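> This is work-v5.txt (compact mmCIF, C-alpha atoms).
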# COMPACT_ATOMS: atom_id res chain seq x y z
CA MET A 1 -12.90 -6.10 -22.59
CA SER A 2 -15.45 -5.28 -19.92
CA LEU A 3 -14.80 -5.27 -16.19
CA GLN A 4 -16.36 -8.02 -14.15
CA SER A 5 -17.15 -8.14 -10.47
CA MET A 6 -16.72 -11.35 -8.50
CA THR A 7 -20.14 -11.13 -6.84
CA GLY A 8 -23.42 -12.09 -8.45
CA PHE A 9 -26.40 -14.45 -8.46
CA ALA A 10 -28.35 -16.26 -11.16
CA ARG A 11 -31.07 -18.88 -11.46
CA ALA A 12 -32.21 -20.90 -14.47
CA GLY A 13 -34.67 -23.74 -14.95
CA ALA A 14 -36.34 -25.93 -17.58
CA ASP A 15 -38.54 -29.00 -17.97
CA HIS A 16 -37.34 -32.21 -19.60
CA ASP A 17 -39.65 -35.21 -20.09
CA GLY A 18 -41.45 -34.61 -16.82
CA ALA A 19 -38.31 -33.65 -14.91
CA ALA A 20 -38.04 -30.11 -13.49
CA ILE A 21 -34.42 -28.90 -13.68
CA ALA A 22 -33.24 -25.88 -11.68
CA TRP A 23 -29.78 -24.37 -11.14
CA GLU A 24 -28.95 -21.67 -8.60
CA ILE A 25 -25.49 -20.10 -8.76
CA LYS A 26 -23.93 -17.41 -6.63
CA SER A 27 -20.45 -15.94 -6.63
CA VAL A 28 -18.39 -14.04 -4.06
CA ASN A 29 -14.80 -12.80 -3.85
CA GLY A 30 -11.98 -15.30 -4.15
CA LYS A 31 -8.29 -15.46 -5.07
CA GLY A 32 -8.93 -17.98 -7.83
CA VAL A 33 -11.82 -20.04 -9.16
CA ASP A 34 -13.22 -22.22 -6.40
CA ALA A 35 -16.35 -24.10 -7.45
CA ARG A 36 -18.44 -25.69 -4.72
CA LEU A 37 -21.18 -27.95 -6.03
CA ARG A 38 -24.37 -29.34 -4.52
CA LEU A 39 -25.64 -32.14 -6.74
CA PRO A 40 -28.55 -34.47 -5.94
CA PRO A 41 -27.76 -38.14 -5.25
CA GLY A 42 -27.15 -39.93 -8.53
CA PHE A 43 -25.98 -36.82 -10.38
CA GLU A 44 -22.39 -36.84 -9.13
CA ARG A 45 -21.52 -37.92 -12.66
CA LEU A 46 -21.98 -34.29 -13.76
CA GLU A 47 -19.43 -32.84 -11.35
CA GLN A 48 -16.49 -32.71 -13.76
CA ALA A 49 -18.54 -31.23 -16.62
CA THR A 50 -19.99 -28.62 -14.24
CA ARG A 51 -16.57 -27.56 -12.97
CA GLN A 52 -15.23 -27.29 -16.51
CA ALA A 53 -18.15 -25.09 -17.55
CA ILE A 54 -17.55 -22.75 -14.60
CA GLN A 55 -13.79 -22.52 -15.15
CA LYS A 56 -14.33 -21.82 -18.84
CA ARG A 57 -16.32 -18.66 -18.08
CA PHE A 58 -14.66 -17.27 -14.96
CA SER A 59 -11.08 -16.75 -13.81
CA ARG A 60 -11.75 -15.68 -10.19
CA GLY A 61 -14.43 -16.06 -7.53
CA ASN A 62 -15.83 -18.53 -5.02
CA ILE A 63 -18.77 -19.97 -6.94
CA GLN A 64 -21.50 -22.10 -5.38
CA ALA A 65 -23.71 -24.04 -7.79
CA SER A 66 -26.78 -26.00 -6.63
CA LEU A 67 -28.74 -28.38 -8.86
CA ALA A 68 -32.29 -29.56 -8.17
CA VAL A 69 -33.99 -32.22 -10.30
CA GLN A 70 -37.58 -33.15 -9.51
CA ARG A 71 -39.01 -36.08 -11.47
CA ASP A 72 -42.66 -36.34 -10.52
CA GLY A 73 -43.44 -38.87 -13.23
CA LEU A 74 -40.91 -41.43 -12.03
CA ALA A 75 -42.11 -42.64 -8.66
CA VAL A 76 -39.89 -45.12 -6.83
CA GLN A 77 -40.31 -47.13 -3.65
CA PRO A 78 -37.99 -46.32 -0.75
CA VAL A 79 -35.76 -49.16 0.46
CA VAL A 80 -34.96 -49.69 4.15
CA ASN A 81 -31.56 -51.08 5.06
CA GLU A 82 -32.95 -53.37 7.77
CA ASP A 83 -29.62 -54.75 8.99
CA PHE A 84 -28.25 -51.26 9.48
CA LEU A 85 -31.48 -50.16 11.16
CA LYS A 86 -31.30 -53.10 13.62
CA ASP A 87 -27.71 -52.23 14.51
CA LEU A 88 -28.65 -48.62 15.16
CA ALA A 89 -31.68 -49.60 17.23
CA GLY A 90 -29.51 -51.93 19.36
CA LEU A 91 -26.93 -49.18 19.88
CA ALA A 92 -29.65 -46.72 20.85
CA LYS A 93 -31.05 -49.22 23.36
CA ARG A 94 -27.64 -49.73 24.99
CA LEU A 95 -27.08 -46.02 25.25
CA GLU A 96 -30.49 -45.65 26.89
CA GLU A 97 -29.73 -48.35 29.46
CA GLN A 98 -26.15 -47.34 30.24
CA PHE A 99 -26.35 -43.55 30.11
CA GLY A 100 -30.04 -42.78 30.49
CA VAL A 101 -30.35 -40.97 27.16
CA ALA A 102 -33.77 -40.49 25.61
CA PRO A 103 -35.06 -43.54 23.74
CA ALA A 104 -34.69 -43.50 19.98
CA THR A 105 -37.78 -42.97 17.83
CA ALA A 106 -38.61 -44.66 14.56
CA ASP A 107 -38.69 -41.43 12.57
CA GLY A 108 -35.38 -40.40 14.09
CA LEU A 109 -33.69 -43.65 13.09
CA LEU A 110 -35.18 -43.56 9.59
CA ALA A 111 -33.84 -40.03 9.11
CA LEU A 112 -30.23 -41.19 9.58
CA ARG A 113 -28.13 -41.41 6.44
CA GLY A 114 -27.97 -44.89 4.99
CA VAL A 115 -31.13 -46.24 6.69
CA LEU A 116 -33.74 -45.14 4.17
CA GLU A 117 -32.62 -44.99 0.55
CA MET A 118 -34.37 -43.76 -2.56
CA PRO A 119 -33.09 -45.82 -5.46
CA GLU A 120 -32.71 -44.21 -8.83
CA ALA A 121 -35.58 -44.66 -11.18
CA LEU A 122 -34.82 -47.11 -13.92
CA GLU A 123 -33.87 -45.35 -17.12
CA SER A 124 -31.95 -46.26 -20.22
CA GLU A 125 -28.50 -44.92 -21.03
CA GLU A 126 -30.04 -42.89 -23.85
CA GLU A 127 -32.60 -41.29 -21.52
CA ARG A 128 -29.91 -40.48 -18.98
CA ALA A 129 -27.71 -38.92 -21.67
CA ARG A 130 -30.58 -36.72 -22.85
CA LEU A 131 -31.33 -35.63 -19.29
CA ASP A 132 -27.67 -34.83 -18.65
CA LYS A 133 -27.54 -32.76 -21.82
CA SER A 134 -30.60 -30.76 -20.71
CA ILE A 135 -29.10 -30.21 -17.25
CA LEU A 136 -25.86 -28.87 -18.74
CA CYS A 137 -27.80 -26.62 -21.12
CA VAL A 138 -29.64 -25.12 -18.14
CA LEU A 139 -26.31 -24.77 -16.35
CA ASP A 140 -24.95 -22.80 -19.30
CA GLU A 141 -27.98 -20.52 -19.14
CA ALA A 142 -27.44 -19.96 -15.41
CA LEU A 143 -23.75 -19.25 -15.91
CA ALA A 144 -24.61 -16.74 -18.63
CA GLY A 145 -26.96 -15.03 -16.18
CA LEU A 146 -24.25 -14.97 -13.52
CA GLU A 147 -21.78 -13.50 -15.99
CA LYS A 148 -24.29 -10.80 -16.95
CA ALA A 149 -24.80 -9.90 -13.27
CA ARG A 150 -21.05 -9.77 -12.64
CA LEU A 151 -20.53 -7.60 -15.72
CA ALA A 152 -23.23 -5.15 -14.60
CA GLU A 153 -21.63 -4.76 -11.20
CA GLY A 154 -18.19 -4.59 -12.81
CA THR A 155 -19.31 -1.61 -14.91
CA ALA A 156 -20.50 0.17 -11.77
CA LEU A 157 -17.22 -0.63 -10.00
CA GLY A 158 -15.28 0.78 -12.94
CA LEU A 159 -17.01 4.14 -12.51
CA VAL A 160 -16.29 4.16 -8.78
CA LEU A 161 -12.61 3.28 -9.31
CA GLY A 162 -12.31 5.91 -12.03
CA ALA A 163 -13.66 8.53 -9.63
CA HIS A 164 -11.12 7.44 -7.01
CA LEU A 165 -8.30 7.82 -9.55
CA ASP A 166 -9.57 11.30 -10.39
CA ARG A 167 -9.45 12.22 -6.72
CA ILE A 168 -5.96 10.76 -6.29
CA GLU A 169 -4.78 12.80 -9.25
CA ALA A 170 -6.39 15.98 -7.91
CA LEU A 171 -4.73 15.53 -4.51
CA THR A 172 -1.38 14.82 -6.17
CA LEU A 173 -1.63 18.03 -8.20
CA ALA A 174 -2.67 19.94 -5.07
CA ALA A 175 0.45 18.71 -3.26
CA GLU A 176 2.58 19.61 -6.26
CA ALA A 177 1.15 23.14 -6.42
CA ASP A 178 1.19 23.82 -2.67
CA PRO A 179 3.04 27.12 -1.94
CA SER A 180 5.12 25.44 0.76
CA ARG A 181 7.03 23.59 -2.00
CA ASP A 182 8.18 26.81 -3.69
CA PRO A 183 12.01 27.00 -3.52
CA ALA A 184 11.89 30.60 -2.24
CA VAL A 185 9.53 29.61 0.57
CA ILE A 186 11.70 26.62 1.48
CA ARG A 187 14.84 28.78 1.53
CA ALA A 188 13.16 31.40 3.71
CA ARG A 189 11.91 28.76 6.17
CA ILE A 190 15.31 27.08 6.43
CA ALA A 191 17.08 30.45 6.71
CA GLU A 192 14.85 31.42 9.62
CA GLN A 193 15.50 28.11 11.35
CA VAL A 194 19.25 28.51 10.84
CA ARG A 195 19.14 32.07 12.14
CA LEU A 196 17.45 30.92 15.34
CA LEU A 197 19.97 28.15 15.82
CA MET A 198 22.92 30.52 15.21
CA GLU A 199 21.98 33.00 17.90
CA PRO A 200 24.83 33.90 20.27
CA GLY A 201 25.57 31.27 22.88
CA THR A 202 24.51 28.22 20.87
CA GLY A 203 28.07 27.18 20.02
CA LEU A 204 27.04 25.51 16.74
CA ASP A 205 29.32 25.27 13.68
CA GLU A 206 27.81 27.48 10.98
CA THR A 207 29.21 25.56 8.02
CA ARG A 208 28.06 22.19 9.38
CA LEU A 209 24.66 23.64 10.17
CA HIS A 210 24.18 24.88 6.61
CA MET A 211 25.18 21.46 5.26
CA GLU A 212 22.64 19.73 7.50
CA ALA A 213 19.95 22.20 6.46
CA ALA A 214 20.66 21.54 2.78
CA PHE A 215 20.53 17.77 3.41
CA LEU A 216 17.17 18.01 5.20
CA ALA A 217 15.75 20.20 2.44
CA THR A 218 16.75 17.60 -0.16
CA LYS A 219 15.36 14.74 1.93
CA ALA A 220 12.03 16.53 2.34
CA ASP A 221 11.54 17.00 -1.41
CA ILE A 222 8.46 15.05 -2.62
CA ARG A 223 9.10 15.45 -6.37
CA GLU A 224 9.71 11.73 -6.90
CA GLU A 225 6.56 10.74 -5.00
CA ILE A 226 4.45 13.15 -7.03
CA ASP A 227 5.89 11.86 -10.31
CA ARG A 228 5.26 8.24 -9.32
CA LEU A 229 1.70 8.99 -8.21
CA LYS A 230 1.01 10.57 -11.60
CA THR A 231 2.44 7.50 -13.33
CA HIS A 232 0.32 5.15 -11.21
CA VAL A 233 -2.83 7.14 -11.98
CA ALA A 234 -2.13 6.81 -15.71
CA SER A 235 -1.50 3.06 -15.31
CA GLY A 236 -4.76 2.65 -13.41
CA ARG A 237 -6.74 4.41 -16.11
CA ASN A 238 -5.14 2.28 -18.81
CA LEU A 239 -6.04 -0.90 -16.93
CA LEU A 240 -9.65 0.20 -16.50
CA ALA A 241 -9.83 1.09 -20.19
CA ASP A 242 -8.42 -2.30 -21.24
CA GLY A 243 -10.79 -4.21 -18.91
CA GLY A 244 -10.71 -7.96 -18.44
CA ALA A 245 -9.41 -9.77 -15.37
CA ILE A 246 -7.39 -6.88 -13.91
CA GLY A 247 -8.24 -7.28 -10.22
CA ARG A 248 -4.79 -8.53 -9.19
CA LYS A 249 -3.00 -5.81 -11.18
CA LEU A 250 -5.12 -3.08 -9.63
CA ASP A 251 -4.54 -4.55 -6.19
CA PHE A 252 -0.78 -4.31 -6.75
CA LEU A 253 -1.25 -0.75 -8.01
CA SER A 254 -3.19 0.17 -4.87
CA GLN A 255 -0.24 -1.03 -2.79
CA GLU A 256 2.02 1.30 -4.79
CA PHE A 257 -0.41 4.18 -4.20
CA ASN A 258 -0.32 3.43 -0.48
CA ARG A 259 3.48 3.33 -0.41
CA GLU A 260 3.81 6.72 -2.13
CA SER A 261 1.18 8.37 0.05
CA ASN A 262 2.92 7.10 3.19
CA THR A 263 6.26 8.44 1.98
CA LEU A 264 4.71 11.77 1.07
CA CYS A 265 3.34 12.12 4.60
CA SER A 266 6.63 11.16 6.23
CA LYS A 267 8.67 13.60 4.09
CA SER A 268 6.26 16.52 4.36
CA ASN A 269 7.52 19.51 6.35
CA ALA A 270 4.39 21.63 5.87
CA ALA A 271 0.95 21.19 7.43
CA PRO A 272 -1.00 21.66 4.15
CA VAL A 273 0.98 18.93 2.39
CA THR A 274 0.58 16.62 5.38
CA ALA A 275 -3.20 17.17 5.26
CA ILE A 276 -3.20 16.35 1.55
CA GLY A 277 -1.18 13.20 2.25
CA LEU A 278 -3.62 12.02 4.91
CA GLU A 279 -6.60 12.54 2.61
CA LEU A 280 -4.71 10.75 -0.14
CA LYS A 281 -4.23 7.75 2.15
CA ALA A 282 -7.97 7.65 2.85
CA VAL A 283 -8.84 7.69 -0.87
CA VAL A 284 -6.26 4.99 -1.60
CA ASP A 285 -7.81 2.79 1.10
CA GLN A 286 -11.23 3.23 -0.54
CA PHE A 287 -9.73 2.42 -3.93
CA ARG A 288 -8.13 -0.77 -2.64
CA GLU A 289 -11.32 -1.88 -0.89
CA GLN A 290 -13.29 -1.65 -4.14
CA VAL A 291 -10.55 -3.39 -6.12
CA GLN A 292 -11.01 -6.51 -3.98
CA ASN A 293 -14.38 -7.05 -5.70
CA LEU A 294 -12.99 -7.14 -9.24
CA GLU A 295 -12.18 -10.32 -11.14
Rewrite the structure from the file as structure tokens, please.


Amino acid sequence: MSLQSMTGFARAGADHDGAAIAWEIKSVNGKGVDARLRLPPGFERLEQATRQAIQKRFSRGNIQASLAVQRDGLAVQPVVNEDFLKDLAGLAKRLEEQFGVAPATADGLLALRGVLEMPEALESEEERARLDKSILCVLDEALAGLEKARLAEGTALGLVLGAHLDRIEALTLAAEADPSRDPAVIRARIAEQVRLLMEPGTGLDETRLHMEAAFLATKADIREEIDRLKTHVASGRNLLADGGAIGRKLDFLSQEFNRESNTLCSKSNAAPVTAIGLELKAVVDQFREQVQNLE
């Protein structure tokens, strides 16, 4: 399965018996599928079918879908709600007299919701059903375009994430091969530290000191962190190869990468390994940032 980003944009349109149908759909990051719809008055009946079509194609993303239907051939006369308009005019007059606000204008009052209404053009149930079918067909075309855009960006993200995994692996191997981790080097460093501490006049117990040195050497070993980092890199590559909706899994994996890199830095007792750990943390942060865009 291919990778899919959560960001994209698509537009689709068609004509149906004198009606111009247009859908615009855009998608951004989201924890789940959150569809926000903008449907013209009278087309609220399509809300459920639109949501189902979106949820059928996508598993994550905040998706905004806007429908426009322009029917030039079906002219209708606007209707003024005169009772409501009188009430509003009276309220505006009282506000003017009591508080000195600017007087209301006719165009301002007519622009208020509920004053001027555009009734639906008369159409049969059969005509409405045909129009709805055309609208949903255009929606499917727009959703296919959005999916194509998300797949294209997902492919690009896959290459970026793969490069980050390569860098994480290279840094892990560099830490593993660093000369400071050689047992002979570790023994020499600890021996020198013990020698300095055992100079005459320190009053330290030699046996206890050697035990503490051995404990610190064991605690500073980063073998487990290196092994886990290698395992996580392999898991990440397998997920990218499998594809599909792997965003949450990769996000969890990035947290594991971060935990191991933090531990590696805290356990390091050599400047080169610490430098590798810090660079590793930076790459892991970049990896996690890009993962947030995946479905």

> Contacts of range 149-151 of chain A at 12 Å or less, counting only C-alpha atoms, minus same-chain residues fewer than 4 places along, as an MDAnalysis selection string?

chainID A and resid 1:11 25:29 57:58 60:61 63 142:145 155:158 243:245 293:295

> One decimal, in Å: what's the spacing between CA of Leu165 in chain A and CA of Arg259 in chain A?

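Distance between the two atoms: 15.6 Å.
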
> Quick one, how far is CA of Val284 in chain A from CA of Arg223 in chain A?

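For CA of Val284 in chain A relative to CA of Arg223 in chain A, the distance reads 19.2 Å.
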
> Up to 9 Å from (2.8, 11.7, -3.4) in the file's coordinates: name the residues, counting only C-alpha atoms, as a list in words.

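The distance filter leaves exactly Leu171, Thr172, Ala175, Glu176, Ile222, Arg223, Glu224, Glu225, Ile226, Asp227, Arg228, Leu229, Lys230, Phe257, Arg259, Glu260, Ser261, Asn262, Thr263, Leu264, Cys265, Gly277 and Leu280 of chain A.
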
> To one decimal place in Å, what is the distance between CA of Glu169 in chain A and CA of His232 in chain A?

9.4 Å

> Do a neighbour search on His164 in chain A at 12 Å with all atoms listed in the file, toss out local chain neighbours closer than 5 positions, and write the hits as a short mmCIF file (atom, residue, chain, number, x, y, z; two decimals) with C-alpha atoms, in the coordinates of the input.


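Saved the output as part_14.cif:
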data_model
loop_
_atom_site.label_atom_id
_atom_site.label_comp_id
_atom_site.auth_asym_id
_atom_site.auth_seq_id
_atom_site.Cartn_x
_atom_site.Cartn_y
_atom_site.Cartn_z
CA LEU A 157 -17.22 -0.63 -10.00
CA GLY A 158 -15.28 0.78 -12.94
CA LEU A 159 -17.01 4.14 -12.51
CA GLU A 169 -4.78 12.80 -9.25
CA ALA A 170 -6.39 15.98 -7.91
CA LEU A 171 -4.73 15.53 -4.51
CA VAL A 233 -2.83 7.14 -11.98
CA GLY A 236 -4.76 2.65 -13.41
CA ARG A 237 -6.74 4.41 -16.11
CA SER A 254 -3.19 0.17 -4.87
CA PHE A 257 -0.41 4.18 -4.20
CA GLU A 279 -6.60 12.54 2.61
CA LEU A 280 -4.71 10.75 -0.14
CA LYS A 281 -4.23 7.75 2.15
CA ALA A 282 -7.97 7.65 2.85
CA VAL A 283 -8.84 7.69 -0.87
CA VAL A 284 -6.26 4.99 -1.60
CA ASP A 285 -7.81 2.79 1.10
CA GLN A 286 -11.23 3.23 -0.54
CA PHE A 287 -9.73 2.42 -3.93
CA ARG A 288 -8.13 -0.77 -2.64
CA GLU A 289 -11.32 -1.88 -0.89
CA GLN A 290 -13.29 -1.65 -4.14
CA VAL A 291 -10.55 -3.39 -6.12
#

> Tell me which of A:Asp178, A:Glu126, A:Asp132, A:Glu141 sits closest to Arg45 in chain A, counting all atoms listed in the file.

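For Arg45 in chain A, the nearest of the given residues is A:Asp132.
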
> May I have the protein, DNA and RNA residues with any atom at most 12 Å from the point (-29.4, -47.4, 14.7), counting all atoms listed in the file, written as a PyMOL selection string?

chain A and resi 81-95+103-116

> Near range 32-39 of chain A, counting only C-alpha atoms, which residues have an atom at most 7 Å away, once you skip same-chain residues fewer than 3 positions from it, shown as a PyMOL selection string?

chain A and resi 43-44+51+55+59-67

> Counting only C-alpha atoms, which residue out of A:Ile276, A:Ala177, A:Ala12, A:Ala271 sits closest to Leu139 in chain A?

A:Ala12

> With 3 Å added on each side, what axis-aligned box encloses every listed atom of range 123-136 of chain A? Give the centre and edge lengths in Å to one decimal, as JSON.


{"center_x": -29.9, "center_y": -37.6, "center_z": -20.5, "size_x": 14.0, "size_y": 23.4, "size_z": 12.7}

> Show which residues sit within 12 Å of Arg128 in chain A, as JSON, numbers by chain. Count only C-alpha atoms, and ignore same-chain residues fewer than 2 positions away.

{"A": [16, 17, 19, 42, 43, 45, 46, 120, 121, 122, 123, 124, 125, 126, 130, 131, 132, 133, 134, 135]}

> Assuming the input is short of atoms at range 126-150 of chain A, produce N, CA and C atoms for that part as a CSV table (one decimal), in the frame of the given file.


chain,number,residue,atom,x,y,z
A,126,GLU,N,-29.7,-44.0,-22.9
A,126,GLU,CA,-30.0,-42.9,-23.8
A,126,GLU,C,-30.9,-41.8,-23.1
A,127,GLU,N,-31.8,-42.3,-22.3
A,127,GLU,CA,-32.6,-41.3,-21.5
A,127,GLU,C,-31.7,-40.5,-20.6
A,128,ARG,N,-30.8,-41.2,-19.9
A,128,ARG,CA,-29.9,-40.5,-19.0
A,128,ARG,C,-29.0,-39.5,-19.7
A,129,ALA,N,-28.5,-39.8,-20.9
A,129,ALA,CA,-27.7,-38.9,-21.7
A,129,ALA,C,-28.5,-37.7,-22.1
A,130,ARG,N,-29.8,-37.9,-22.5
A,130,ARG,CA,-30.6,-36.7,-22.8
A,130,ARG,C,-30.8,-35.8,-21.7
A,131,LEU,N,-31.1,-36.4,-20.5
A,131,LEU,CA,-31.3,-35.6,-19.3
A,131,LEU,C,-30.1,-34.9,-18.9
A,132,ASP,N,-28.9,-35.5,-19.0
A,132,ASP,CA,-27.7,-34.8,-18.6
A,132,ASP,C,-27.4,-33.7,-19.6
A,133,LYS,N,-27.7,-33.8,-20.9
A,133,LYS,CA,-27.5,-32.8,-21.8
A,133,LYS,C,-28.4,-31.6,-21.5
A,134,SER,N,-29.7,-31.8,-21.1
A,134,SER,CA,-30.6,-30.8,-20.7
A,134,SER,C,-30.1,-30.0,-19.5
A,135,ILE,N,-29.6,-30.8,-18.5
A,135,ILE,CA,-29.1,-30.2,-17.2
A,135,ILE,C,-27.9,-29.3,-17.5
A,136,LEU,N,-27.0,-29.7,-18.4
A,136,LEU,CA,-25.9,-28.9,-18.7
A,136,LEU,C,-26.3,-27.7,-19.6
A,137,CYS,N,-27.3,-27.8,-20.4
A,137,CYS,CA,-27.8,-26.6,-21.1
A,137,CYS,C,-28.4,-25.6,-20.2
A,138,VAL,N,-29.1,-26.0,-19.1
A,138,VAL,CA,-29.6,-25.1,-18.1
A,138,VAL,C,-28.5,-24.5,-17.3
A,139,LEU,N,-27.5,-25.3,-17.0
A,139,LEU,CA,-26.3,-24.8,-16.4
A,139,LEU,C,-25.7,-23.6,-17.2
A,140,ASP,N,-25.5,-23.8,-18.5
A,140,ASP,CA,-25.0,-22.8,-19.3
A,140,ASP,C,-25.8,-21.5,-19.3
A,141,GLU,N,-27.1,-21.7,-19.2
A,141,GLU,CA,-28.0,-20.5,-19.1
A,141,GLU,C,-27.8,-19.8,-17.8
A,142,ALA,N,-27.7,-20.6,-16.7
A,142,ALA,CA,-27.4,-20.0,-15.4
A,142,ALA,C,-26.1,-19.3,-15.3
A,143,LEU,N,-25.1,-19.9,-15.9
A,143,LEU,CA,-23.8,-19.2,-15.9
A,143,LEU,C,-23.7,-18.0,-16.7
A,144,ALA,N,-24.5,-18.0,-17.8
A,144,ALA,CA,-24.6,-16.7,-18.6
A,144,ALA,C,-25.3,-15.6,-17.8
A,145,GLY,N,-26.3,-16.0,-17.0
A,145,GLY,CA,-27.0,-15.0,-16.2
A,145,GLY,C,-26.0,-14.5,-15.1
A,146,LEU,N,-25.2,-15.4,-14.5
A,146,LEU,CA,-24.2,-15.0,-13.5
A,146,LEU,C,-23.2,-14.0,-14.1
A,147,GLU,N,-22.8,-14.4,-15.3
A,147,GLU,CA,-21.8,-13.5,-16.0
A,147,GLU,C,-22.4,-12.1,-16.3
A,148,LYS,N,-23.6,-12.1,-16.7
A,148,LYS,CA,-24.3,-10.8,-17.0
A,148,LYS,C,-24.4,-10.0,-15.7
A,149,ALA,N,-24.7,-10.6,-14.6
A,149,ALA,CA,-24.8,-9.9,-13.3
A,149,ALA,C,-23.4,-9.4,-12.8
A,150,ARG,N,-22.4,-10.2,-13.0
A,150,ARG,CA,-21.0,-9.8,-12.6
A,150,ARG,C,-20.6,-8.6,-13.5
